[in-house]
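Quick notes on the structure that follows.
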Amino acid sequence: MQGKGISVAAVICAAGTSSRMGSVKKEFLPLKPDSVEEKSLSVLGATVSAFASCPLIGSIVICLPSYTRPAEKAALSGILDELRLIDTSCGEAPSGRKQNRILFVKGGPTRRVSVYNALSFLETLSPSYVLIHDGARPWIKRTLIEKVTNAAIQYGAAIPAIPLTDTPKELSSQLVLEEHPISTVPDTTVRRHLRRTNLCGAQTPQGFKFPEILRAHEKAAEREKREKFEYTDDAEIWGEFIGQVAVISGDPANRKITYPEDLIN
């Protein structure tokens, strides 16, 4: 469905602290290959490789942290070497470029700021559309990347989602998962019992018209300056400042690594 003159870029977010992994940068961890024929890659390397293999995708901008401690700098250097190797070995982008298709920007203190940094960088390349993806979703398939790309071109904004299997509840306060003895006081209480019929779990990549999502991020940044507010994903930003977001069926295998046990296939 990609038309003549349409260019699609990708933003991969990998600048977070991985606090729930316990001092381990999850995107830098090795990922067990699905078969003996597959090359062993890091979590981030597998994620980026999926986008690099898709001929619809042009430039790929990766948000990375800034490290100062020697051990962290060494880990980052190894990841950069791996990603540059992917860059030189990946297939042609729509523009025909083989080199420097994968680019890097410095992440910010929040995911939204990191994405905004990447979008601002991409503005000089003027893509028509952009896909924004979590670096900790290494099991993303090329078919889903193509589905989201085509849906974004058709509708302006599109996200993949999967049905909820657990019954959702709205709570009176945030629930933090911790190992502790049962207390006489509950951690929180249920405010509303929600029906899961029309609820879903949003995934990435989320696809958007590029000029519009950049403008929406600029407005989101202005709101964050005025108020104590944090956006949870880019579809929320689009929905507040631009308009409706189309939803297509996602992939249950496209899960996000949050805890160490998530690395177990």
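Scheme for the structure tokens: letters A, B, ... for chains in order shown; per-chain residue numbers from 1; ligand numbers from 1 in order shown.
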
Filtered DSSP result for region 15-261 of chain A, state alpha helix (DSSP H), as a JSON list (two decimals) with N, CA and C atoms, in the first residue's frame:
[["chain", "number", "residue", "atom", "x", "y", "z"],
["A", 43, "VAL", "N", 19.04, -8.10, 22.85],
["A", 43, "VAL", "CA", 17.61, -7.76, 22.76],
["A", 43, "VAL", "C", 17.42, -6.60, 21.79],
["A", 44, "LEU", "N", 18.23, -5.55, 21.94],
["A", 44, "LEU", "CA", 18.12, -4.39, 21.04],
["A", 44, "LEU", "C", 18.52, -4.76, 19.62],
["A", 45, "GLY", "N", 19.56, -5.57, 19.49],
["A", 45, "GLY", "CA", 20.00, -5.98, 18.16],
["A", 45, "GLY", "C", 18.92, -6.73, 17.40],
["A", 46, "ALA", "N", 18.20, -7.63, 18.09],
["A", 46, "ALA", "CA", 17.12, -8.37, 17.45],
["A", 46, "ALA", "C", 15.98, -7.44, 17.06],
["A", 47, "THR", "N", 15.69, -6.47, 17.92],
["A", 47, "THR", "CA", 14.63, -5.51, 17.62],
["A", 47, "THR", "C", 14.96, -4.70, 16.38],
["A", 48, "VAL", "N", 16.16, -4.15, 16.35],
["A", 48, "VAL", "CA", 16.58, -3.31, 15.23],
["A", 48, "VAL", "C", 16.67, -4.13, 13.94],
["A", 49, "SER", "N", 17.14, -5.37, 14.06],
["A", 49, "SER", "CA", 17.30, -6.22, 12.89],
["A", 49, "SER", "C", 15.97, -6.46, 12.19],
["A", 50, "ALA", "N", 14.89, -6.59, 12.99],
["A", 50, "ALA", "CA", 13.56, -6.80, 12.39],
["A", 50, "ALA", "C", 13.15, -5.61, 11.52],
["A", 51, "PHE", "N", 13.42, -4.40, 12.00],
["A", 51, "PHE", "CA", 13.08, -3.20, 11.23],
["A", 51, "PHE", "C", 14.01, -3.05, 10.02],
["A", 52, "ALA", "N", 15.29, -3.37, 10.21],
["A", 52, "ALA", "CA", 16.24, -3.25, 9.11],
["A", 52, "ALA", "C", 15.93, -4.22, 7.98],
["A", 70, "PRO", "N", 32.79, 3.43, 33.54],
["A", 70, "PRO", "CA", 33.52, 2.59, 32.57],
["A", 70, "PRO", "C", 32.77, 1.33, 32.15],
["A", 71, "ALA", "N", 32.16, 0.61, 33.11],
["A", 71, "ALA", "CA", 31.47, -0.63, 32.76],
["A", 71, "ALA", "C", 30.28, -0.35, 31.85],
["A", 72, "GLU", "N", 29.55, 0.73, 32.13],
["A", 72, "GLU", "CA", 28.40, 1.08, 31.31],
["A", 72, "GLU", "C", 28.84, 1.54, 29.93],
["A", 73, "LYS", "N", 29.91, 2.32, 29.87],
["A", 73, "LYS", "CA", 30.42, 2.77, 28.58],
["A", 73, "LYS", "C", 30.89, 1.60, 27.73],
["A", 74, "ALA", "N", 31.48, 0.59, 28.38],
["A", 74, "ALA", "CA", 31.92, -0.60, 27.64],
["A", 74, "ALA", "C", 30.74, -1.37, 27.08],
["A", 75, "ALA", "N", 29.67, -1.49, 27.88],
["A", 75, "ALA", "CA", 28.46, -2.19, 27.40],
["A", 75, "ALA", "C", 27.84, -1.45, 26.23],
["A", 76, "LEU", "N", 27.77, -0.13, 26.33],
["A", 76, "LEU", "CA", 27.20, 0.67, 25.25],
["A", 76, "LEU", "C", 28.06, 0.55, 23.99],
["A", 77, "SER", "N", 29.37, 0.54, 24.15],
["A", 77, "SER", "CA", 30.27, 0.42, 22.99],
["A", 77, "SER", "C", 30.04, -0.90, 22.26],
["A", 78, "GLY", "N", 29.85, -1.99, 23.02],
["A", 78, "GLY", "CA", 29.58, -3.28, 22.40],
["A", 78, "GLY", "C", 28.28, -3.29, 21.62],
["A", 79, "ILE", "N", 27.25, -2.64, 22.17],
["A", 79, "ILE", "CA", 25.97, -2.56, 21.48],
["A", 79, "ILE", "C", 26.10, -1.73, 20.21],
["A", 80, "LEU", "N", 26.82, -0.63, 20.27],
["A", 80, "LEU", "CA", 27.01, 0.20, 19.07],
["A", 80, "LEU", "C", 27.71, -0.58, 17.97],
["A", 81, "ASP", "N", 28.70, -1.37, 18.35],
["A", 81, "ASP", "CA", 29.40, -2.20, 17.35],
["A", 81, "ASP", "C", 28.43, -3.19, 16.70],
["A", 82, "GLU", "N", 27.57, -3.81, 17.50],
["A", 82, "GLU", "CA", 26.60, -4.78, 16.98],
["A", 82, "GLU", "C", 25.63, -4.10, 16.02],
["A", 83, "LEU", "N", 25.14, -2.92, 16.40],
["A", 83, "LEU", "CA", 24.16, -2.22, 15.57],
["A", 83, "LEU", "C", 24.78, -1.72, 14.27],
["A", 84, "ARG", "N", 26.02, -1.31, 14.33],
["A", 84, "ARG", "CA", 26.69, -0.87, 13.09],
["A", 84, "ARG", "C", 26.90, -2.04, 12.15],
["A", 85, "LEU", "N", 27.15, -3.22, 12.71],
["A", 85, "LEU", "CA", 27.28, -4.42, 11.88],
["A", 85, "LEU", "C", 25.95, -4.75, 11.21],
["A", 86, "ILE", "N", 24.84, -4.62, 11.95],
["A", 86, "ILE", "CA", 23.52, -4.81, 11.37],
["A", 86, "ILE", "C", 23.29, -3.82, 10.24],
["A", 87, "ASP", "N", 23.74, -2.58, 10.46],
["A", 87, "ASP", "CA", 23.55, -1.52, 9.46],
["A", 87, "ASP", "C", 24.25, -1.88, 8.15],
["A", 88, "THR", "N", 25.47, -2.38, 8.24],
["A", 88, "THR", "CA", 26.22, -2.68, 7.02],
["A", 88, "THR", "C", 25.74, -3.95, 6.32],
["A", 89, "SER", "N", 25.04, -4.81, 7.06],
["A", 89, "SER", "CA", 24.61, -6.08, 6.46],
["A", 89, "SER", "C", 23.14, -6.11, 6.06],
["A", 111, "ARG", "N", 10.50, 8.64, 28.61],
["A", 111, "ARG", "CA", 10.33, 8.07, 27.28],
["A", 111, "ARG", "C", 9.85, 9.14, 26.29],
["A", 112, "ARG", "N", 8.91, 9.99, 26.73],
["A", 112, "ARG", "CA", 8.38, 10.99, 25.82],
["A", 112, "ARG", "C", 9.49, 11.94, 25.35],
["A", 113, "VAL", "N", 10.36, 12.34, 26.26],
["A", 113, "VAL", "CA", 11.45, 13.24, 25.88],
["A", 113, "VAL", "C", 12.40, 12.53, 24.91],
["A", 114, "SER", "N", 12.66, 11.25, 25.14],
["A", 114, "SER", "CA", 13.52, 10.49, 24.23],
["A", 114, "SER", "C", 12.92, 10.43, 22.83],
["A", 115, "VAL", "N", 11.63, 10.14, 22.76],
["A", 115, "VAL", "CA", 10.97, 10.09, 21.45],
["A", 115, "VAL", "C", 11.00, 11.46, 20.77],
["A", 116, "TYR", "N", 10.76, 12.50, 21.55],
["A", 116, "TYR", "CA", 10.79, 13.85, 21.00],
["A", 116, "TYR", "C", 12.18, 14.19, 20.45],
["A", 117, "ASN", "N", 13.23, 13.77, 21.16],
["A", 117, "ASN", "CA", 14.59, 13.99, 20.66],
["A", 117, "ASN", "C", 14.78, 13.31, 19.30],
["A", 118, "ALA", "N", 14.26, 12.09, 19.18],
["A", 118, "ALA", "CA", 14.40, 11.35, 17.93],
["A", 118, "ALA", "C", 13.59, 12.00, 16.81],
["A", 119, "LEU", "N", 12.38, 12.41, 17.12],
["A", 119, "LEU", "CA", 11.53, 13.06, 16.11],
["A", 119, "LEU", "C", 12.15, 14.38, 15.65],
["A", 120, "SER", "N", 12.70, 15.13, 16.57],
["A", 120, "SER", "CA", 13.34, 16.40, 16.21],
["A", 120, "SER", "C", 14.53, 16.15, 15.30],
["A", 121, "PHE", "N", 15.28, 15.09, 15.58],
["A", 121, "PHE", "CA", 16.41, 14.71, 14.73],
["A", 121, "PHE", "C", 15.92, 14.32, 13.33],
["A", 122, "LEU", "N", 14.83, 13.57, 13.29],
["A", 122, "LEU", "CA", 14.29, 13.10, 12.01],
["A", 122, "LEU", "C", 13.72, 14.22, 11.15],
["A", 142, "ARG", "N", 8.35, -8.91, 11.02],
["A", 142, "ARG", "CA", 8.27, -8.02, 9.86],
["A", 142, "ARG", "C", 6.82, -7.85, 9.38],
["A", 143, "THR", "N", 6.03, -8.90, 9.47],
["A", 143, "THR", "CA", 4.64, -8.81, 9.02],
["A", 143, "THR", "C", 3.86, -7.76, 9.81],
["A", 144, "LEU", "N", 4.11, -7.68, 11.12],
["A", 144, "LEU", "CA", 3.41, -6.68, 11.93],
["A", 144, "LEU", "C", 3.92, -5.27, 11.62],
["A", 145, "ILE", "N", 5.23, -5.14, 11.40],
["A", 145, "ILE", "CA", 5.78, -3.84, 11.00],
["A", 145, "ILE", "C", 5.10, -3.35, 9.73],
["A", 146, "GLU", "N", 4.93, -4.24, 8.77],
["A", 146, "GLU", "CA", 4.30, -3.86, 7.50],
["A", 146, "GLU", "C", 2.82, -3.53, 7.70],
["A", 147, "LYS", "N", 2.13, -4.29, 8.55],
["A", 147, "LYS", "CA", 0.70, -4.02, 8.81],
["A", 147, "LYS", "C", 0.51, -2.64, 9.44],
["A", 148, "VAL", "N", 1.35, -2.31, 10.43],
["A", 148, "VAL", "CA", 1.23, -1.01, 11.08],
["A", 148, "VAL", "C", 1.59, 0.11, 10.11],
["A", 149, "THR", "N", 2.61, -0.09, 9.31],
["A", 149, "THR", "CA", 3.00, 0.92, 8.32],
["A", 149, "THR", "C", 1.84, 1.21, 7.37],
["A", 150, "ASN", "N", 1.25, 0.18, 6.81],
["A", 150, "ASN", "CA", 0.15, 0.37, 5.86],
["A", 150, "ASN", "C", -1.07, 0.98, 6.51],
["A", 151, "ALA", "N", -1.34, 0.61, 7.77],
["A", 151, "ALA", "CA", -2.48, 1.20, 8.48],
["A", 151, "ALA", "C", -2.23, 2.67, 8.78],
["A", 152, "ALA", "N", -1.01, 3.03, 9.12],
["A", 152, "ALA", "CA", -0.68, 4.44, 9.37],
["A", 152, "ALA", "C", -0.84, 5.27, 8.10],
["A", 153, "ILE", "N", -0.42, 4.71, 6.98],
["A", 153, "ILE", "CA", -0.58, 5.40, 5.70],
["A", 153, "ILE", "C", -2.06, 5.58, 5.37],
["A", 154, "GLN", "N", -2.87, 4.58, 5.67],
["A", 154, "GLN", "CA", -4.29, 4.65, 5.36],
["A", 154, "GLN", "C", -5.07, 5.57, 6.30],
["A", 155, "TYR", "N", -4.75, 5.53, 7.61],
["A", 155, "TYR", "CA", -5.57, 6.22, 8.60],
["A", 155, "TYR", "C", -4.88, 7.42, 9.25],
["A", 210, "PHE", "N", 4.25, 11.83, 10.03],
["A", 210, "PHE", "CA", 5.37, 12.41, 10.75],
["A", 210, "PHE", "C", 5.16, 13.87, 11.19],
["A", 211, "PRO", "N", 4.77, 14.78, 10.30],
["A", 211, "PRO", "CA", 4.66, 16.18, 10.75],
["A", 211, "PRO", "C", 3.68, 16.34, 11.90],
["A", 212, "GLU", "N", 2.58, 15.56, 11.86],
["A", 212, "GLU", "CA", 1.56, 15.69, 12.88],
["A", 212, "GLU", "C", 2.01, 15.17, 14.25],
["A", 213, "ILE", "N", 2.72, 14.03, 14.27],
["A", 213, "ILE", "CA", 3.15, 13.49, 15.57],
["A", 213, "ILE", "C", 4.26, 14.36, 16.15],
["A", 214, "LEU", "N", 5.09, 14.97, 15.32],
["A", 214, "LEU", "CA", 6.10, 15.90, 15.83],
["A", 214, "LEU", "C", 5.42, 17.11, 16.46],
["A", 215, "ARG", "N", 4.43, 17.65, 15.79],
["A", 215, "ARG", "CA", 3.70, 18.80, 16.33],
["A", 215, "ARG", "C", 2.99, 18.44, 17.63],
["A", 216, "ALA", "N", 2.42, 17.22, 17.68],
["A", 216, "ALA", "CA", 1.73, 16.77, 18.89],
["A", 216, "ALA", "C", 2.71, 16.65, 20.06],
["A", 217, "HIS", "N", 3.92, 16.16, 19.79],
["A", 217, "HIS", "CA", 4.93, 16.05, 20.85],
["A", 217, "HIS", "C", 5.35, 17.43, 21.35],
["A", 218, "GLU", "N", 5.40, 18.40, 20.47],
["A", 218, "GLU", "CA", 5.74, 19.76, 20.89],
["A", 218, "GLU", "C", 4.67, 20.29, 21.85],
["A", 219, "LYS", "N", 3.41, 20.01, 21.55],
["A", 219, "LYS", "CA", 2.33, 20.45, 22.44],
["A", 219, "LYS", "C", 2.34, 19.67, 23.75],
["A", 220, "ALA", "N", 2.69, 18.39, 23.67],
["A", 220, "ALA", "CA", 2.79, 17.58, 24.89],
["A", 220, "ALA", "C", 3.89, 18.11, 25.80],
["A", 221, "ALA", "N", 5.00, 18.53, 25.21],
["A", 221, "ALA", "CA", 6.10, 19.09, 25.99],
["A", 221, "ALA", "C", 5.66, 20.37, 26.69],
["A", 222, "GLU", "N", 4.87, 21.18, 26.00],
["A", 222, "GLU", "CA", 4.35, 22.42, 26.61],
["A", 222, "GLU", "C", 3.44, 22.11, 27.79],
["A", 223, "ARG", "N", 2.59, 21.08, 27.64],
["A", 223, "ARG", "CA", 1.71, 20.72, 28.75],
["A", 223, "ARG", "C", 2.50, 20.22, 29.94],
["A", 224, "GLU", "N", 3.52, 19.43, 29.69],
["A", 224, "GLU", "CA", 4.33, 18.89, 30.79],
["A", 224, "GLU", "C", 5.07, 19.99, 31.54],
["A", 225, "LYS", "N", 5.39, 21.08, 30.85],
["A", 225, "LYS", "CA", 6.01, 22.20, 31.53],
["A", 225, "LYS", "C", 5.01, 22.90, 32.47],
["A", 226, "ARG", "N", 3.76, 22.95, 32.02],
["A", 226, "ARG", "CA", 2.73, 23.64, 32.82],
["A", 226, "ARG", "C", 2.22, 22.80, 33.97],
["A", 234, "ASP", "N", 2.71, 7.18, 22.68],
["A", 234, "ASP", "CA", 2.56, 8.19, 21.64],
["A", 234, "ASP", "C", 1.14, 8.27, 21.10],
["A", 235, "ALA", "N", 0.41, 7.17, 21.15],
["A", 235, "ALA", "CA", -1.00, 7.20, 20.72],
["A", 235, "ALA", "C", -1.81, 8.13, 21.61],
["A", 236, "GLU", "N", -1.49, 8.17, 22.89],
["A", 236, "GLU", "CA", -2.18, 9.08, 23.81],
["A", 236, "GLU", "C", -1.93, 10.54, 23.41],
["A", 237, "ILE", "N", -0.69, 10.83, 23.03],
["A", 237, "ILE", "CA", -0.35, 12.19, 22.60],
["A", 237, "ILE", "C", -1.09, 12.55, 21.32],
["A", 238, "TRP", "N", -1.10, 11.63, 20.36],
["A", 238, "TRP", "CA", -1.84, 11.87, 19.11],
["A", 238, "TRP", "C", -3.32, 12.08, 19.41],
["A", 239, "GLY", "N", -3.90, 11.22, 20.24],
["A", 239, "GLY", "CA", -5.31, 11.32, 20.54],
["A", 239, "GLY", "C", -5.69, 12.63, 21.20],
["A", 240, "GLU", "N", -4.82, 13.20, 22.01],
["A", 240, "GLU", "CA", -5.14, 14.46, 22.69],
["A", 240, "GLU", "C", -5.02, 15.66, 21.77],
["A", 241, "PHE", "N", -4.01, 15.66, 20.90],
["A", 241, "PHE", "CA", -3.72, 16.87, 20.14],
["A", 241, "PHE", "C", -4.06, 16.79, 18.65]]

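Using only C-alpha atoms, the smallest distance between any of A:Val245, A:Leu31, A:Cys54, A:Cys63 and Ile159 (chain A) comes from A:Val245.
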
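For the set A:Arg101, A:Gly250, A:Phe229, A:Val11, the residue with the smallest atom-to-atom gap to Ser53 (chain A) is A:Arg101, counting only C-alpha atoms.
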
Can you pull out every residue within 9 Å of Asp187 (chain A), counting only C-alpha atoms, but drop anything in the same chain fewer than 5 positions away, and send it as a ChimeraX atom specification? /A:173-176
